[in-house]
$ cat structure_37.pdb   # PDB, C-alpha atoms and all ligand atoms
MODEL        1
ATOM      1  CA  MET A 220     100.310  88.496 171.418  1.00  0.00           C
ATOM      2  CA  THR A 221     103.765  89.701 170.445  1.00  0.00           C
ATOM      3  CA  VAL A 222     105.369  88.050 167.439  1.00  0.00           C
ATOM      4  CA  THR A 223     109.060  88.443 166.639  1.00  0.00           C
ATOM      5  CA  GLY A 224     111.264  87.804 163.656  1.00  0.00           C
ATOM      6  CA  SER A 225     114.694  88.490 162.237  1.00  0.00           C
ATOM      7  CA  CYS A 226     116.958  88.236 159.248  1.00  0.00           C
ATOM      8  CA  LEU A 227     119.383  85.348 158.851  1.00  0.00           C
ATOM      9  CA  CYS A 228     122.288  87.039 160.657  1.00  0.00           C
ATOM     10  CA  GLY A 229     120.151  88.694 163.351  1.00  0.00           C
ATOM     11  CA  ARG A 230     121.156  92.305 162.675  1.00  0.00           C
ATOM     12  CA  VAL A 231     117.607  93.248 161.686  1.00  0.00           C
ATOM     13  CA  ARG A 232     114.940  92.245 164.178  1.00  0.00           C
ATOM     14  CA  TYR A 233     111.284  93.151 164.402  1.00  0.00           C
ATOM     15  CA  ARG A 234     108.335  92.895 166.755  1.00  0.00           C
ATOM     16  CA  ILE A 235     104.652  92.801 165.843  1.00  0.00           C
ATOM     17  CA  ASP A 236     102.081  93.759 168.445  1.00  0.00           C
ATOM     18  CA  GLY A 237      98.846  93.081 166.591  1.00  0.00           C
ATOM     19  CA  PRO A 238      97.084  90.672 164.238  1.00  0.00           C
ATOM     20  CA  LEU A 239      98.830  88.955 161.334  1.00  0.00           C
ATOM     21  CA  SER A 240      96.920  88.125 158.155  1.00  0.00           C
ATOM     22  CA  PRO A 241      96.987  84.629 156.653  1.00  0.00           C
ATOM     23  CA  VAL A 242     100.055  84.039 154.481  1.00  0.00           C
ATOM     24  CA  VAL A 243      99.771  84.810 150.767  1.00  0.00           C
ATOM     25  CA  ALA A 244     102.326  83.600 148.233  1.00  0.00           C
ATOM     26  CA  CYS A 245     103.229  86.122 145.537  1.00  0.00           C
ATOM     27  CA  HIS A 246     104.604  84.751 142.293  1.00  0.00           C
ATOM     28  CA  CYS A 247     105.204  88.084 140.526  1.00  0.00           C
ATOM     29  CA  SER A 248     108.491  88.558 138.716  1.00  0.00           C
ATOM     30  CA  GLN A 249     109.732  91.124 141.246  1.00  0.00           C
ATOM     31  CA  CYS A 250     109.152  88.802 144.196  1.00  0.00           C
ATOM     32  CA  ARG A 251     110.815  85.983 142.303  1.00  0.00           C
ATOM     33  CA  LYS A 252     113.895  88.036 141.482  1.00  0.00           C
ATOM     34  CA  ALA A 253     114.142  89.459 145.006  1.00  0.00           C
ATOM     35  CA  SER A 254     113.667  86.168 146.840  1.00  0.00           C
ATOM     36  CA  GLY A 255     115.101  83.582 144.488  1.00  0.00           C
ATOM     37  CA  HIS A 256     111.762  81.734 144.313  1.00  0.00           C
ATOM     38  CA  HIS A 257     108.424  83.188 145.334  1.00  0.00           C
ATOM     39  CA  VAL A 258     107.542  85.262 148.350  1.00  0.00           C
ATOM     40  CA  ALA A 259     105.218  84.132 151.142  1.00  0.00           C
ATOM     41  CA  ALA A 260     104.104  87.038 153.268  1.00  0.00           C
ATOM     42  CA  THR A 261     101.735  88.067 156.015  1.00  0.00           C
ATOM     43  CA  THR A 262     100.518  91.619 156.358  1.00  0.00           C
ATOM     44  CA  VAL A 263     100.573  93.683 159.524  1.00  0.00           C
ATOM     45  CA  LEU A 264      99.487  97.202 160.344  1.00  0.00           C
ATOM     46  CA  ARG A 265     102.321  99.712 160.085  1.00  0.00           C
ATOM     47  CA  ASP A 266     101.645 100.941 163.605  1.00  0.00           C
ATOM     48  CA  ASP A 267     101.943  97.390 164.984  1.00  0.00           C
ATOM     49  CA  LEU A 268     105.434  96.819 163.547  1.00  0.00           C
ATOM     50  CA  VAL A 269     108.678  97.897 165.238  1.00  0.00           C
ATOM     51  CA  ILE A 270     111.888  97.230 163.313  1.00  0.00           C
ATOM     52  CA  GLU A 271     115.291  97.363 165.005  1.00  0.00           C
ATOM     53  CA  GLY A 272     118.707  97.327 163.373  1.00  0.00           C
ATOM     54  CA  GLU A 273     119.785  99.094 160.207  1.00  0.00           C
ATOM     55  CA  GLN A 274     117.814  98.025 157.141  1.00  0.00           C
ATOM     56  CA  CYS A 275     118.232  98.742 153.449  1.00  0.00           C
ATOM     57  CA  TRP A 276     115.223  99.661 151.312  1.00  0.00           C
ATOM     58  CA  PHE A 277     115.146  99.142 147.575  1.00  0.00           C
ATOM     59  CA  ALA A 278     112.559 101.000 145.481  1.00  0.00           C
ATOM     60  CA  SER A 279     111.398  98.053 143.398  1.00  0.00           C
ATOM     61  CA  SER A 280     108.594  99.941 141.669  1.00  0.00           C
ATOM     62  CA  ALA A 281     106.901 103.317 141.809  1.00  0.00           C
ATOM     63  CA  GLY A 282     105.530 103.615 145.321  1.00  0.00           C
ATOM     64  CA  ALA A 283     106.873 100.319 146.663  1.00  0.00           C
ATOM     65  CA  GLN A 284     110.019  99.457 148.574  1.00  0.00           C
ATOM     66  CA  ARG A 285     111.544  96.171 149.665  1.00  0.00           C
ATOM     67  CA  GLY A 286     113.373  95.991 152.984  1.00  0.00           C
ATOM     68  CA  PHE A 287     116.343  93.720 153.477  1.00  0.00           C
ATOM     69  CA  CYS A 288     119.331  93.209 155.750  1.00  0.00           C
ATOM     70  CA  PRO A 289     122.477  95.015 154.530  1.00  0.00           C
ATOM     71  CA  VAL A 290     124.717  92.301 155.995  1.00  0.00           C
ATOM     72  CA  CYS A 291     123.144  88.942 155.110  1.00  0.00           C
ATOM     73  CA  GLY A 292     120.725  90.128 152.393  1.00  0.00           C
ATOM     74  CA  SER A 293     117.592  88.504 153.823  1.00  0.00           C
ATOM     75  CA  ASN A 294     114.420  89.759 152.158  1.00  0.00           C
ATOM     76  CA  MET A 295     112.089  90.809 154.939  1.00  0.00           C
ATOM     77  CA  PHE A 296     109.538  93.502 154.080  1.00  0.00           C
ATOM     78  CA  TRP A 297     107.469  94.972 151.281  1.00  0.00           C
ATOM     79  CA  ASP A 298     106.101  98.473 151.801  1.00  0.00           C
ATOM     80  CA  GLY A 299     103.591  99.760 149.289  1.00  0.00           C
ATOM     81  CA  GLY A 300     102.990 102.996 151.155  1.00  0.00           C
ATOM     82  CA  GLN A 301      99.678 101.833 152.632  1.00  0.00           C
ATOM     83  CA  ASP A 302      98.760 101.523 156.294  1.00  0.00           C
ATOM     84  CA  TYR A 303     100.060  97.940 156.268  1.00  0.00           C
ATOM     85  CA  LEU A 304     103.359  96.268 155.372  1.00  0.00           C
ATOM     86  CA  ALA A 305     104.030  92.783 154.077  1.00  0.00           C
ATOM     87  CA  VAL A 306     106.364  90.791 156.323  1.00  0.00           C
ATOM     88  CA  PHE A 307     107.958  87.771 154.671  1.00  0.00           C
ATOM     89  CA  ALA A 308     106.762  84.743 156.582  1.00  0.00           C
ATOM     90  CA  GLY A 309     110.077  82.895 156.480  1.00  0.00           C
ATOM     91  CA  THR A 310     111.595  85.560 158.742  1.00  0.00           C
ATOM     92  CA  LEU A 311     109.087  84.983 161.570  1.00  0.00           C
ATOM     93  CA  ASP A 312     110.322  83.279 164.736  1.00  0.00           C
ATOM     94  CA  GLY A 313     108.583  80.085 165.819  1.00  0.00           C
ATOM     95  CA  ASP A 314     104.939  79.450 164.911  1.00  0.00           C
ATOM     96  CA  PRO A 315     102.696  82.496 165.232  1.00  0.00           C
ATOM     97  CA  GLY A 316      99.753  80.350 164.110  1.00  0.00           C
ATOM     98  CA  ILE A 317      99.138  81.745 160.631  1.00  0.00           C
ATOM     99  CA  ARG A 318      98.986  79.493 157.576  1.00  0.00           C
ATOM    100  CA  MET A 319      99.148  79.794 153.795  1.00  0.00           C
ATOM    101  CA  ALA A 320      95.815  80.868 152.315  1.00  0.00           C
ATOM    102  CA  ALA A 321      96.252  81.819 148.654  1.00  0.00           C
ATOM    103  CA  HIS A 322      98.552  82.436 145.708  1.00  0.00           C
ATOM    104  CA  ILE A 323      98.611  85.706 143.779  1.00  0.00           C
ATOM    105  CA  PHE A 324     100.186  86.859 140.505  1.00  0.00           C
ATOM    106  CA  CYS A 325     100.151  83.242 139.333  1.00  0.00           C
ATOM    107  CA  ALA A 326     100.210  84.413 135.697  1.00  0.00           C
ATOM    108  CA  ASP A 327     103.798  85.566 136.348  1.00  0.00           C
ATOM    109  CA  LYS A 328     105.016  82.436 138.132  1.00  0.00           C
ATOM    110  CA  GLY A 329     108.208  80.666 137.122  1.00  0.00           C
ATOM    111  CA  ALA A 330     107.973  77.919 134.515  1.00  0.00           C
ATOM    112  CA  TYR A 331     110.021  75.505 136.605  1.00  0.00           C
ATOM    113  CA  TYR A 332     107.379  74.712 139.244  1.00  0.00           C
ATOM    114  CA  GLU A 333     103.679  73.984 139.649  1.00  0.00           C
ATOM    115  CA  ILE A 334     101.385  75.136 142.450  1.00  0.00           C
ATOM    116  CA  THR A 335      99.901  71.944 143.832  1.00  0.00           C
ATOM    117  CA  ASP A 336      98.649  72.701 147.338  1.00  0.00           C
ATOM    118  CA  GLY A 337      95.017  73.199 146.299  1.00  0.00           C
ATOM    119  CA  LEU A 338      94.785  76.750 147.667  1.00  0.00           C
ATOM    120  CA  PRO A 339      93.080  79.485 145.614  1.00  0.00           C
ATOM    121  CA  GLN A 340      95.175  80.908 142.785  1.00  0.00           C
ATOM    122  CA  ALA A 341      94.654  84.368 141.301  1.00  0.00           C
ATOM    123  CA  PRO A 342      96.314  85.461 138.053  1.00  0.00           C
ATOM    124  CA  GLY A 343      97.019  88.925 139.493  1.00  0.00           C
ATOM    125  CA  LEU A 344      96.039  90.806 142.624  1.00  0.00           C
ATOM    126  CA  PRO A 345      92.488  89.983 143.776  1.00  0.00           C
ATOM    127  CA  GLU A 346      90.638  92.930 145.227  1.00  0.00           C
ATOM    128  CA  ASP A 347      89.743  91.082 148.405  1.00  0.00           C
ATOM    129  CA  ILE A 348      93.408  90.454 149.223  1.00  0.00           C
ATOM    130  CA  ALA A 349      94.793  93.911 148.508  1.00  0.00           C
TER     131      ALA A 349
HETATM  132 ZN    ZN B   1     121.043  89.944 158.426  1.00  0.00          ZN
HETATM  133 ZN    ZN B   2     105.117  89.864 144.247  1.00  0.00          ZN
ENDMDL
END
$ encode --input "structure_37.pdb" --output "structure tokens" --more "lines below"
Ligand SMILES: [Zn+2]
Ligand SMILES: [Zn+2]
Amino acid sequence: MTVTGSCLCGRVRYRIDGPLSPVVACHCSQCRKASGHHVAATTVLRDDLVIEGEQCWFASSAGAQRGFCPVCGSNMFWDGGQDYLAVFAGTLDGDPGIRMAAHIFCADKGAYYEITDGLPQAPGLPEDIA
């Protein structure tokens, strides 16, 4: 199955030819600053992802970059230098069938909201999600 996605303005588009992991919400301070709330992302193998259109990459920490559209600013990717990338689920087209499965870095979440969906919550990064 081929899954597609794009930024808000459409300049950056991508195609995924491979499996997508369940969606994990990250409440760390970097994801909150970058997204304006929290991030919800699936992960895909690097080799399964083809990105088209000029992207910007911001080195948000040692060894990690965040990809976004230089025109509309949509946050789209997180690349920690592994064999997979995180693709922000809000940029996917249509319904690829994946659903939210867990929350991570809950110890860093914003004070202004509660997590009430009943899904597992980890204070940091659980080993079985990394
Ligand atoms: Zn854009
Ligand atoms: Zn995060």
$ residues_near_ligand --input "structure_37.pdb" --ligand "ligand ZN 2 (chain B)" --cutoff "7 Å" --atoms "all atoms listed in the file" --output "list in words"
Cys245, His246, Cys247, Ser248, Gln249, Cys250, Val258 and Phe324 of chain A
$ resolve_selection --input "structure_37.pdb" --expression "the PyMOL selection byres (((chain A and resi 293) around 10) and not hetatm)" --output "list in words"
Ser225, Cys226, Leu227, Cys228, Gly229, Val231, Ala253, Ser254, Gly286, Phe287, Cys288, Pro289, Val290, Cys291, Gly292, Asn294, Met295, Phe296, Phe307, Gly309 and Thr310 of chain A
$ closest_residue --input "structure_37.pdb" --among "A:Gly224, A:Glu346, A:Leu304, A:Gly329" --to "A:Gly255" --atoms "all atoms listed in the file"
A:Gly329
$ axis_aligned_box --input "structure_37.pdb" --around "stretch 284-297 of chain A" --padding-each-side "4 Å" --output "JSON"
{"center_x": 116.1, "center_y": 94.0, "center_z": 152.3, "size_x": 25.2, "size_y": 19.0, "size_z": 15.4}
$ atom_distance --input "structure_37.pdb" --atom1 "atom CA of A:Asp298" --atom2 "atom CA of A:Met319"
20.0 Å
$ resolve_selection --input "structure_37.pdb" --expression "the PyMOL selection byres (((chain A and resi 280) around 12) and not hetatm)" --output "list in words"
Ser248, Gln249, Cys250, Trp276, Phe277, Ala278, Ser279, Ala281, Gly282, Ala283, Gln284, Arg285, Trp297, Asp298, Gly299 and Gly300 of chain A
$ write_last_selection --input "structure_37.pdb" --atoms "C-alpha atoms" --output "PDB file, keeping the file's coordinate frame"
ATOM      1  CA  SER A 248     108.491  88.558 138.716  1.00  0.00           C
ATOM      2  CA  GLN A 249     109.732  91.124 141.246  1.00  0.00           C
ATOM      3  CA  CYS A 250     109.152  88.802 144.196  1.00  0.00           C
ATOM      4  CA  TRP A 276     115.223  99.661 151.312  1.00  0.00           C
ATOM      5  CA  PHE A 277     115.146  99.142 147.575  1.00  0.00           C
ATOM      6  CA  ALA A 278     112.559 101.000 145.481  1.00  0.00           C
ATOM      7  CA  SER A 279     111.398  98.053 143.398  1.00  0.00           C
ATOM      8  CA  ALA A 281     106.901 103.317 141.809  1.00  0.00           C
ATOM      9  CA  GLY A 282     105.530 103.615 145.321  1.00  0.00           C
ATOM     10  CA  ALA A 283     106.873 100.319 146.663  1.00  0.00           C
ATOM     11  CA  GLN A 284     110.019  99.457 148.574  1.00  0.00           C
ATOM     12  CA  ARG A 285     111.544  96.171 149.665  1.00  0.00           C
ATOM     13  CA  TRP A 297     107.469  94.972 151.281  1.00  0.00           C
ATOM     14  CA  ASP A 298     106.101  98.473 151.801  1.00  0.00           C
ATOM     15  CA  GLY A 299     103.591  99.760 149.289  1.00  0.00           C
ATOM     16  CA  GLY A 300     102.990 102.996 151.155  1.00  0.00           C
TER      17      GLY A 300
END
$ resolve_selection --input "structure_37.pdb" --expression "the PyMOL selection byres (((chain A and resi 232-235) around 9) and not hetatm)" --output "PyMOL selection string"
chain A and resi 220-226+229-231+236-239+263-264+266-272+311
$ closest_residue --input "structure_37.pdb" --among "A:Ala321, A:Ile334, A:Gly313, A:Pro241" --to "A:Thr261" --atoms "only C-alpha atoms"
A:Pro241
$ closest_residue --input "structure_37.pdb" --among "A:Asp327, A:Glu333, A:Glu273, A:Asp312" --to "ligand ZN 1 (chain B)" --atoms "all atoms listed in the file"
A:Glu273
$ atom_distance --input "structure_37.pdb" --atom1 "atom CA of A:Ala330" --atom2 "atom CA of A:His257"
12.0 Å
$ atom_distance --input "structure_37.pdb" --atom1 "atom CA of A:Tyr332" --atom2 "atom CA of A:Ser240"
25.4 Å
$ closest_residue --input "structure_37.pdb" --among "A:Leu344, A:Val243, A:Cys275, A:Ala308" --to "ligand ZN 1 (chain B)" --atoms "all atoms listed in the file"
A:Cys275
$ closest_residue --input "structure_37.pdb" --among "A:Gln274, A:Pro339, A:Thr262, A:Pro345" --to "ligand ZN 1 (chain B)" --atoms "all atoms listed in the file"
A:Gln274
$ build_atoms --input "structure_37.pdb" --residues "stretch 245-256 of chain A" --atoms "all heavy atoms" --output "compact mmCIF listing (two decimals), keeping the file's coordinate frame"
# COMPACT_ATOMS: atom_id res chain seq x y z
N CYS A 245 103.24 85.27 146.73
CA CYS A 245 103.23 86.12 145.54
C CYS A 245 104.26 85.61 144.54
O CYS A 245 105.44 85.49 144.86
CB CYS A 245 103.52 87.57 145.90
SG CYS A 245 103.42 88.63 144.44
N HIS A 246 103.76 85.33 143.34
CA HIS A 246 104.60 84.75 142.29
C HIS A 246 104.99 85.78 141.23
O HIS A 246 105.41 85.40 140.14
CB HIS A 246 103.86 83.57 141.64
CG HIS A 246 103.52 82.48 142.61
ND1 HIS A 246 104.29 81.33 142.76
CD2 HIS A 246 102.51 82.38 143.52
CE1 HIS A 246 103.73 80.57 143.70
NE2 HIS A 246 102.65 81.17 144.18
N CYS A 247 104.86 87.07 141.52
CA CYS A 247 105.20 88.08 140.53
C CYS A 247 106.71 88.07 140.25
O CYS A 247 107.50 87.56 141.04
CB CYS A 247 104.73 89.47 140.97
SG CYS A 247 105.82 90.31 142.14
N SER A 248 107.08 88.63 139.12
CA SER A 248 108.49 88.56 138.72
C SER A 248 109.39 89.31 139.69
O SER A 248 110.53 88.90 139.92
CB SER A 248 108.65 89.09 137.30
OG SER A 248 108.21 90.42 137.22
N GLN A 249 108.90 90.38 140.29
CA GLN A 249 109.73 91.12 141.25
C GLN A 249 109.99 90.30 142.50
O GLN A 249 111.12 90.27 143.00
CB GLN A 249 109.06 92.45 141.61
CG GLN A 249 109.04 93.42 140.44
CD GLN A 249 108.50 94.78 140.85
OE1 GLN A 249 108.14 95.00 141.99
NE2 GLN A 249 108.46 95.69 139.89
N CYS A 250 108.95 89.65 143.02
CA CYS A 250 109.15 88.80 144.20
C CYS A 250 110.07 87.63 143.87
O CYS A 250 110.89 87.22 144.70
CB CYS A 250 107.81 88.28 144.72
SG CYS A 250 106.87 89.52 145.63
N ARG A 251 109.95 87.12 142.66
CA ARG A 251 110.82 85.98 142.30
C ARG A 251 112.27 86.41 142.20
O ARG A 251 113.17 85.73 142.69
CB ARG A 251 110.33 85.35 141.00
CG ARG A 251 108.97 84.68 141.17
CD ARG A 251 108.64 83.70 140.05
NE ARG A 251 108.42 84.36 138.77
CZ ARG A 251 109.23 84.24 137.70
NH1 ARG A 251 110.33 83.52 137.77
NH2 ARG A 251 108.93 84.84 136.58
N LYS A 252 112.52 87.56 141.58
CA LYS A 252 113.90 88.04 141.48
C LYS A 252 114.46 88.36 142.86
O LYS A 252 115.62 88.05 143.16
CB LYS A 252 113.95 89.30 140.61
CG LYS A 252 113.64 89.08 139.15
CD LYS A 252 114.82 88.47 138.42
CE LYS A 252 114.54 88.41 136.91
NZ LYS A 252 115.64 87.71 136.21
N ALA A 253 113.65 89.01 143.70
CA ALA A 253 114.14 89.46 145.01
C ALA A 253 114.41 88.29 145.95
O ALA A 253 115.34 88.34 146.75
CB ALA A 253 113.15 90.44 145.64
N SER A 254 113.59 87.25 145.85
CA SER A 254 113.67 86.17 146.84
C SER A 254 114.42 84.94 146.34
O SER A 254 114.87 84.12 147.12
CB SER A 254 112.26 85.74 147.25
OG SER A 254 111.62 85.03 146.19
N GLY A 255 114.51 84.80 145.03
CA GLY A 255 115.10 83.58 144.49
C GLY A 255 114.09 82.49 144.21
O GLY A 255 114.42 81.47 143.60
N HIS A 256 112.83 82.69 144.63
CA HIS A 256 111.76 81.73 144.31
C HIS A 256 110.47 82.53 144.27
O HIS A 256 110.31 83.38 143.41
CB HIS A 256 111.76 80.60 145.32
CG HIS A 256 110.81 79.48 145.01
ND1 HIS A 256 110.47 79.10 143.74
CD2 HIS A 256 110.12 78.65 145.83
CE1 HIS A 256 109.61 78.09 143.79
NE2 HIS A 256 109.37 77.80 145.04
